[in-house]
file data09.cif (mmCIF, C-alpha atoms)
data_structure
#
loop_
_atom_site.label_atom_id
_atom_site.label_comp_id
_atom_site.auth_asym_id
_atom_site.auth_seq_id
_atom_site.Cartn_x
_atom_site.Cartn_y
_atom_site.Cartn_z
CA MET A 270 44.04 -19.50 25.68
CA CYS A 271 46.85 -17.01 25.76
CA GLY A 272 46.29 -13.99 27.97
CA ARG A 273 49.77 -13.00 29.20
CA PHE A 274 53.27 -13.56 27.89
CA ASN A 275 56.90 -12.60 28.42
CA VAL A 276 58.97 -10.71 25.86
CA THR A 277 62.73 -10.63 26.49
CA SER A 278 64.42 -8.96 23.53
CA SER A 279 67.89 -10.48 23.96
CA SER A 280 66.51 -14.03 23.81
CA LEU A 281 64.10 -13.27 20.99
CA SER A 282 66.81 -11.65 18.88
CA ASP A 283 68.50 -15.07 18.76
CA ILE A 284 65.43 -16.82 17.38
CA LEU A 285 64.54 -13.99 14.99
CA MET A 286 68.07 -13.81 13.60
CA GLU A 287 67.85 -17.52 12.81
CA LEU A 288 64.37 -17.15 11.33
CA VAL A 289 64.61 -13.97 9.23
CA GLY A 290 67.90 -12.23 10.08
CA LEU A 291 66.33 -9.48 12.20
CA SER A 292 66.85 -8.43 15.82
CA HIS A 293 64.03 -7.93 18.28
CA PRO A 294 63.65 -4.19 18.92
CA GLY A 295 62.41 -4.50 22.51
CA PRO A 296 61.54 -3.27 25.02
CA ASP A 297 61.46 -6.14 27.49
CA ASN A 298 58.02 -6.83 28.95
CA TYR A 299 57.88 -9.70 31.42
CA ASN A 300 54.09 -9.51 31.67
CA ALA A 301 52.57 -8.38 28.38
CA ALA A 302 48.78 -8.17 28.57
CA PRO A 303 45.98 -7.62 26.05
CA THR A 304 45.63 -4.06 24.67
CA GLU A 305 49.37 -3.44 25.16
CA THR A 306 51.73 -2.87 22.24
CA VAL A 307 54.25 -5.60 21.40
CA SER A 308 56.43 -6.44 18.40
CA VAL A 309 55.18 -8.91 15.80
CA LEU A 310 56.71 -10.30 12.62
CA ARG A 311 55.01 -10.06 9.23
CA LEU A 312 55.86 -9.62 5.56
CA ASP A 313 55.72 -6.16 4.02
CA GLU A 314 54.12 -5.37 0.65
CA ALA A 315 57.32 -6.43 -1.11
CA GLY A 316 57.31 -9.78 0.68
CA GLU A 317 60.19 -8.89 2.98
CA PRO A 318 60.07 -9.65 6.72
CA GLU A 319 59.58 -6.74 9.09
CA ILE A 320 58.99 -6.36 12.80
CA VAL A 321 56.15 -4.00 13.63
CA PRO A 322 54.73 -2.72 16.94
CA MET A 323 51.05 -3.67 17.19
CA ARG A 324 48.25 -3.53 19.74
CA TRP A 325 47.40 -6.93 21.19
CA TRP A 326 43.64 -6.84 20.63
CA LEU A 327 42.56 -7.06 17.03
CA THR A 328 40.33 -4.28 15.72
CA PRO A 329 38.90 -5.23 12.29
CA TYR A 330 39.39 -2.66 9.55
CA TRP A 331 35.60 -2.30 9.20
CA SER A 332 34.93 -1.51 12.88
CA LYS A 333 33.27 1.79 13.67
CA GLU A 334 35.41 2.23 16.76
CA MET A 335 38.08 0.61 18.89
CA SER A 336 36.38 -1.42 21.58
CA THR A 337 37.06 -4.12 24.16
CA LYS A 338 33.42 -5.20 24.25
CA TYR A 339 34.34 -8.51 22.63
CA SER A 340 37.43 -10.61 23.41
CA MET A 341 39.58 -10.09 20.33
CA PHE A 342 43.06 -10.83 21.69
CA ASN A 343 42.71 -14.56 20.88
CA ALA A 344 41.19 -16.22 17.81
CA LYS A 345 39.90 -19.80 17.93
CA SER A 346 41.64 -21.69 15.13
CA GLU A 347 38.72 -24.10 14.75
CA THR A 348 36.30 -21.34 13.72
CA ILE A 349 38.60 -18.67 12.32
CA GLU A 350 37.54 -19.18 8.70
CA LYS A 351 33.91 -18.50 9.67
CA SER A 352 34.58 -15.45 11.83
CA ALA A 353 33.61 -12.06 10.40
CA ALA A 354 36.50 -10.44 12.26
CA PHE A 355 39.23 -13.02 11.67
CA LYS A 356 38.56 -14.82 8.37
CA GLU A 357 40.05 -12.16 6.08
CA PRO A 358 43.15 -11.57 8.25
CA PHE A 359 43.66 -15.34 8.38
CA LYS A 360 43.60 -15.46 4.60
CA LYS A 361 45.60 -12.31 3.83
CA ARG A 362 47.26 -10.87 6.95
CA ARG A 363 49.01 -13.49 9.04
CA CYS A 364 51.82 -12.72 11.46
CA VAL A 365 54.15 -14.49 13.86
CA VAL A 366 54.32 -13.40 17.50
CA PRO A 367 57.75 -14.10 19.04
CA ILE A 368 57.63 -14.62 22.81
CA THR A 369 59.95 -15.94 25.48
CA GLY A 370 57.16 -17.74 27.32
CA PHE A 371 53.54 -17.43 28.39
CA TYR A 372 51.52 -17.71 31.60
CA GLU A 373 48.57 -19.89 32.50
CA TRP A 374 46.67 -20.32 35.75
CA ALA A 375 45.90 -23.82 37.03
CA ARG A 376 42.92 -24.33 39.33
CA SER A 377 43.72 -25.84 42.71
CA ASN A 378 40.77 -26.10 45.11
CA ASN A 379 39.47 -22.53 45.26
CA ALA A 380 42.65 -20.87 44.00
CA LYS A 381 44.32 -20.23 40.65
CA LEU A 382 48.05 -20.89 40.61
CA PRO A 383 50.16 -19.18 37.92
CA TYR A 384 52.64 -21.15 35.82
CA TYR A 385 55.22 -19.80 33.43
CA LEU A 386 55.57 -21.98 30.33
CA THR A 387 58.82 -21.45 28.50
CA PRO A 388 61.08 -23.50 26.18
CA TYR A 389 63.36 -25.91 27.98
CA ASP A 390 66.34 -25.46 25.64
CA ALA A 391 65.39 -22.76 23.11
CA PRO A 392 65.54 -18.95 23.33
CA GLY A 393 61.84 -18.49 22.65
CA MET A 394 58.79 -19.65 20.76
CA LEU A 395 56.81 -18.51 17.72
CA LEU A 396 53.04 -18.12 17.91
CA GLY A 397 50.67 -18.02 14.97
CA GLY A 398 48.77 -14.75 14.72
CA VAL A 399 46.63 -12.57 12.45
CA TRP A 400 46.66 -8.79 12.14
CA ASP A 401 44.56 -5.96 10.78
CA ARG A 402 44.75 -2.23 10.14
CA TRP A 403 42.05 0.14 11.43
CA ARG A 404 41.76 3.86 10.69
CA ASN A 405 39.97 6.39 12.89
CA ARG A 406 37.50 8.13 10.59
CA ASP A 407 37.56 11.34 12.64
CA THR A 408 41.30 11.81 13.12
CA GLY A 409 42.79 9.68 10.36
CA ASP A 410 45.03 7.91 12.87
CA MET A 411 45.85 4.30 12.01
CA VAL A 412 46.08 1.45 14.52
CA GLN A 413 47.63 -1.89 13.66
CA SER A 414 46.55 -4.75 15.91
CA PHE A 415 46.76 -8.53 16.16
CA ALA A 416 45.32 -11.63 17.79
CA VAL A 417 46.98 -14.92 18.76
CA LEU A 418 45.43 -18.13 17.46
CA THR A 419 44.51 -20.80 19.99
CA CYS A 420 43.70 -24.51 19.84
CA ASP A 421 42.95 -27.41 22.17
CA ALA A 422 45.78 -27.88 24.63
CA ASN A 423 48.34 -30.61 24.21
CA GLU A 424 47.73 -33.36 26.77
CA GLN A 425 50.91 -32.30 28.56
CA LEU A 426 49.43 -28.83 29.18
CA THR A 427 45.86 -29.65 30.16
CA PHE A 428 46.75 -29.47 33.85
CA VAL A 429 46.99 -25.69 33.47
CA HIS A 430 44.37 -24.97 30.78
CA LYS A 431 42.21 -26.65 28.15
CA ARG A 432 43.46 -24.24 25.46
CA GLN A 433 46.92 -23.22 24.27
CA PRO A 434 48.36 -20.77 21.74
CA VAL A 435 49.16 -22.14 18.29
CA MET A 436 52.91 -22.76 18.34
CA LEU A 437 54.96 -22.89 15.13
CA SER A 438 58.27 -24.47 14.26
CA MET A 439 60.80 -22.45 12.26
CA ALA A 440 59.69 -24.07 9.00
CA GLU A 441 56.03 -23.62 9.84
CA ALA A 442 56.58 -19.95 10.69
CA HIS A 443 58.01 -19.34 7.21
CA ARG A 444 55.01 -21.05 5.61
CA TRP A 445 52.60 -19.23 7.94
CA LEU A 446 53.88 -15.86 6.76
CA ASP A 447 53.78 -16.83 3.07
CA PRO A 448 50.51 -15.48 1.57
CA ALA A 449 50.57 -18.29 -1.00
CA THR A 450 50.32 -21.07 1.59
CA PRO A 451 46.98 -22.88 1.07
CA ALA A 452 44.35 -22.88 3.79
CA ASP A 453 44.40 -26.65 4.29
CA GLU A 454 48.13 -26.53 5.02
CA LEU A 455 47.63 -23.68 7.49
CA ALA A 456 44.94 -25.68 9.25
CA GLY A 457 47.50 -28.42 9.75
CA TYR A 458 49.67 -26.03 11.75
CA CYS A 459 46.81 -25.25 14.16
CA GLY A 460 46.91 -28.51 16.08
CA SER A 461 48.02 -29.08 19.64
CA GLY A 462 51.66 -29.66 18.82
CA LEU A 463 54.65 -28.56 20.86
CA PRO A 464 57.49 -27.67 18.46
CA VAL A 465 59.80 -27.22 21.46
CA ALA A 466 59.91 -28.91 24.85
CA LEU A 467 58.44 -26.68 27.54
CA ASP A 468 59.14 -26.13 31.22
CA ALA A 469 56.09 -25.43 33.39
CA ILE A 470 57.42 -23.28 36.23
CA PRO A 471 55.22 -22.29 39.18
CA VAL A 472 55.56 -18.56 39.81
CA SER A 473 54.25 -16.04 42.31
CA THR A 474 50.81 -14.43 42.11
CA TYR A 475 52.84 -11.24 41.60
CA VAL A 476 52.28 -11.89 37.90
CA ASN A 477 48.50 -11.64 38.36
CA LYS A 478 48.71 -7.85 38.23
CA ALA A 479 49.37 -6.72 34.67
CA ARG A 480 51.13 -3.57 35.89
CA ASN A 481 53.97 -5.73 37.25
CA LYS A 482 56.45 -5.94 34.36
CA ASP A 483 59.81 -6.83 35.93
CA PRO A 484 61.80 -10.12 36.08
CA ARG A 485 60.15 -11.07 39.36
CA CYS A 486 57.22 -12.27 37.21
CA VAL A 487 59.22 -15.31 36.06
CA GLU A 488 60.98 -16.17 39.33
CA PRO A 489 60.21 -19.77 40.36
CA ILE A 490 58.57 -20.48 43.70
CA GLY A 491 58.44 -23.68 45.75
#
call {"tool": "encode", "arguments": {"input": "data09.cif", "output": "structure tokens"}}
result
Amino acid sequence: MCGRFNVTSSSLSDILMELVGLSHPGPDNYNAAPTETVSVLRLDEAGEPEIVPMRWWLTPYWSKEMSTKYSMFNAKSETIEKSAAFKEPFKKRRCVVPITGFYEWARSNNAKLPYYLTPYDAPGMLLGGVWDRWRNRDTGDMVQSFAVLTCDANEQLTFVHKRQPVMLSMAEAHRWLDPATPADELAGYCGSGLPVALDAIPVSTYVNKARNKDPRCVEPIG
């Protein structure tokens, strides 16, 4: 699963410049949580890359209202092509979510201990996502939103969680964004791979509260 992540614009500008020649617009958010707005990468109607602020909790275009009744911030890659909410975005509206690292909570006796998972020697990582566009029928306001794909965790990460976000290499990210990429190839990107080596850093339970957004969230403990 992927329920919290860190966005540090200076680091992510490095990876985005290499990927598509764009800078990350910020702001920094050391503890991004579902329903918050973060920057994602997609292709515009002309096929050019653009970075767009979106709400992290996908609302399908056909929904009657915005709701958090169902968990829509993650999408299971194994069933995405059968999901009423996710199958069309997976086919037509894919995006890449650039992050500096993400958090998971490992069970230890009766407690959950937070870990920060971040690239060992890279400025960030690229997650596979899908997006949609929903319009309020009463006001006409439009909301763009996204979900992060998940898969079974790599064996190196199962100590913290049985699921992980789908992580893409640079080459895979380009193919992920390309609307012409066939579904069977996309499915191949949804395995439990680790395109970059990760550090698993124990951090304080300070990160448990989503309102805490400062660098203390990623400070190692122990």
call {"tool": "residues_around", "arguments": {"input": "data09.cif", "residues": "stretch 470-477 of chain A", "least_positions_apart": "4", "cutoff": "7 Å", "atoms": "only C-alpha atoms", "output": "PyMOL selection string"}}
result
chain A and resi 300+383-386+481+486-490
call {"tool": "resolve_selection", "arguments": {"input": "data09.cif", "expression": "the PyMOL selection byres ((chain A and resi 405) around 12)", "output": "ChimeraX atom specification"}}
result
/A:328-335,402-404,406-413
call {"tool": "resolve_selection", "arguments": {"input": "data09.cif", "expression": "the PyMOL selection byres ((chain A and resi 350) around 12)", "output": "number ranges by chain"}}
result
A: 344-349, 351-361, 399, 418, 452-453, 455-456
call {"tool": "closest_residue", "arguments": {"input": "data09.cif", "among": "A:Thr419, A:Thr369, A:Ser308, A:Thr387", "to": "A:Arg324", "atoms": "only C-alpha atoms"}}
result
A:Ser308
call {"tool": "residues_around", "arguments": {"input": "data09.cif", "residues": "A:Cys364", "least_positions_apart": "2", "cutoff": "9 Å", "atoms": "only C-alpha atoms", "output": "mmCIF file with C-alpha atoms, keeping the file's coordinate frame"}}
result
data_model
loop_
_atom_site.group_PDB
_atom_site.id
_atom_site.type_symbol
_atom_site.label_atom_id
_atom_site.label_comp_id
_atom_site.auth_asym_id
_atom_site.auth_seq_id
_atom_site.Cartn_x
_atom_site.Cartn_y
_atom_site.Cartn_z
ATOM 1 C CA VAL A 309 55.180 -8.910 15.800
ATOM 2 C CA LEU A 310 56.710 -10.300 12.620
ATOM 3 C CA ARG A 311 55.010 -10.060 9.230
ATOM 4 C CA LEU A 312 55.860 -9.620 5.560
ATOM 5 C CA ARG A 362 47.260 -10.870 6.950
ATOM 6 C CA VAL A 366 54.320 -13.400 17.500
ATOM 7 C CA LEU A 396 53.040 -18.120 17.910
ATOM 8 C CA GLY A 397 50.670 -18.020 14.970
ATOM 9 C CA GLY A 398 48.770 -14.750 14.720
ATOM 10 C CA VAL A 399 46.630 -12.570 12.450
ATOM 11 C CA TRP A 400 46.660 -8.790 12.140
ATOM 12 C CA PHE A 415 46.760 -8.530 16.160
ATOM 13 C CA ALA A 442 56.580 -19.950 10.690
ATOM 14 C CA TRP A 445 52.600 -19.230 7.940
ATOM 15 C CA LEU A 446 53.880 -15.860 6.760
#
call {"tool": "closest_residue", "arguments": {"input": "data09.cif", "among": "A:Gln433, A:Arg363, A:Asn378, A:Asp390", "to": "A:Thr450", "atoms": "all atoms listed in the file"}}
result
A:Arg363
call {"tool": "residues_around", "arguments": {"input": "data09.cif", "residues": "A:Gly290", "least_positions_apart": "4", "cutoff": "12 Å", "atoms": "all atoms listed in the file", "output": "PyMOL selection string"}}
result
chain A and resi 281-286+310+317-320
call {"tool": "write_last_selection", "arguments": {"input": "data09.cif", "atoms": "C-alpha atoms", "output": "PDB file, keeping the file's coordinate frame"}}
result
ATOM      1  CA  LEU A 281      64.100 -13.270  20.990  1.00  0.00           C
ATOM      2  CA  SER A 282      66.810 -11.650  18.880  1.00  0.00           C
ATOM      3  CA  ASP A 283      68.500 -15.070  18.760  1.00  0.00           C
ATOM      4  CA  ILE A 284      65.430 -16.820  17.380  1.00  0.00           C
ATOM      5  CA  LEU A 285      64.540 -13.990  14.990  1.00  0.00           C
ATOM      6  CA  MET A 286      68.070 -13.810  13.600  1.00  0.00           C
ATOM      7  CA  LEU A 310      56.710 -10.300  12.620  1.00  0.00           C
ATOM      8  CA  GLU A 317      60.190  -8.890   2.980  1.00  0.00           C
ATOM      9  CA  PRO A 318      60.070  -9.650   6.720  1.00  0.00           C
ATOM     10  CA  GLU A 319      59.580  -6.740   9.090  1.00  0.00           C
ATOM     11  CA  ILE A 320      58.990  -6.360  12.800  1.00  0.00           C
TER      12      ILE A 320
END
call {"tool": "build_atoms", "arguments": {"input": "data09.cif", "residues": "stretch 472-490 of chain A", "atoms": "N, CA, C and O atoms", "output": "compact mmCIF listing (two decimals), in the frame of the given file"}}
result
# COMPACT_ATOMS: atom_id res chain seq x y z
N VAL A 472 55.06 -19.89 39.47
CA VAL A 472 55.56 -18.56 39.81
C VAL A 472 54.60 -17.89 40.78
O VAL A 472 53.48 -18.36 41.02
N SER A 473 55.02 -16.76 41.30
CA SER A 473 54.25 -16.04 42.31
C SER A 473 53.01 -15.38 41.69
O SER A 473 52.98 -15.04 40.51
N THR A 474 52.00 -15.17 42.54
CA THR A 474 50.81 -14.43 42.11
C THR A 474 51.14 -12.95 41.83
O THR A 474 50.25 -12.20 41.41
N TYR A 475 52.38 -12.57 42.01
CA TYR A 475 52.84 -11.24 41.60
C TYR A 475 52.51 -10.97 40.14
O TYR A 475 52.22 -9.84 39.75
N VAL A 476 52.54 -12.03 39.33
CA VAL A 476 52.28 -11.89 37.90
C VAL A 476 50.81 -11.61 37.62
O VAL A 476 50.45 -11.18 36.51
N ASN A 477 49.93 -11.85 38.58
CA ASN A 477 48.50 -11.64 38.36
C ASN A 477 48.18 -10.20 37.99
O ASN A 477 47.22 -9.94 37.25
N LYS A 478 48.95 -9.26 38.51
CA LYS A 478 48.71 -7.85 38.23
C LYS A 478 49.48 -7.43 36.98
O LYS A 478 50.71 -7.47 36.96
N ALA A 479 48.75 -7.03 35.96
CA ALA A 479 49.37 -6.72 34.67
C ALA A 479 50.33 -5.55 34.76
O ALA A 479 51.20 -5.40 33.90
N ARG A 480 50.20 -4.71 35.78
CA ARG A 480 51.13 -3.57 35.89
C ARG A 480 52.52 -4.00 36.34
O ARG A 480 53.47 -3.21 36.23
N ASN A 481 52.66 -5.22 36.85
CA ASN A 481 53.97 -5.73 37.25
C ASN A 481 54.69 -6.27 36.02
O ASN A 481 54.25 -7.26 35.41
N LYS A 482 55.79 -5.65 35.63
CA LYS A 482 56.45 -5.94 34.36
C LYS A 482 57.90 -6.42 34.51
O LYS A 482 58.57 -6.63 33.51
N ASP A 483 58.39 -6.58 35.72
CA ASP A 483 59.81 -6.83 35.93
C ASP A 483 60.12 -8.33 36.01
O ASP A 483 59.20 -9.17 36.01
N PRO A 484 61.41 -8.71 36.09
CA PRO A 484 61.80 -10.12 36.08
C PRO A 484 61.23 -10.95 37.22
O PRO A 484 61.24 -12.19 37.15
N ARG A 485 60.75 -10.31 38.27
CA ARG A 485 60.15 -11.07 39.36
C ARG A 485 58.98 -11.92 38.87
O ARG A 485 58.63 -12.93 39.47
N CYS A 486 58.36 -11.52 37.76
CA CYS A 486 57.22 -12.27 37.21
C CYS A 486 57.59 -13.72 36.87
O CYS A 486 56.73 -14.60 36.91
N VAL A 487 58.84 -13.97 36.51
CA VAL A 487 59.22 -15.31 36.06
C VAL A 487 60.06 -16.06 37.10
O VAL A 487 60.56 -17.15 36.82
N GLU A 488 60.20 -15.49 38.29
CA GLU A 488 60.98 -16.17 39.33
C GLU A 488 60.22 -17.39 39.85
O GLU A 488 59.07 -17.28 40.24
N PRO A 489 60.88 -18.57 39.86
CA PRO A 489 60.21 -19.77 40.36
C PRO A 489 59.92 -19.68 41.85
O PRO A 489 60.63 -19.01 42.60
N ILE A 490 58.85 -20.36 42.28
CA ILE A 490 58.57 -20.48 43.70
C ILE A 490 58.46 -21.96 44.04
O ILE A 490 58.25 -22.80 43.17
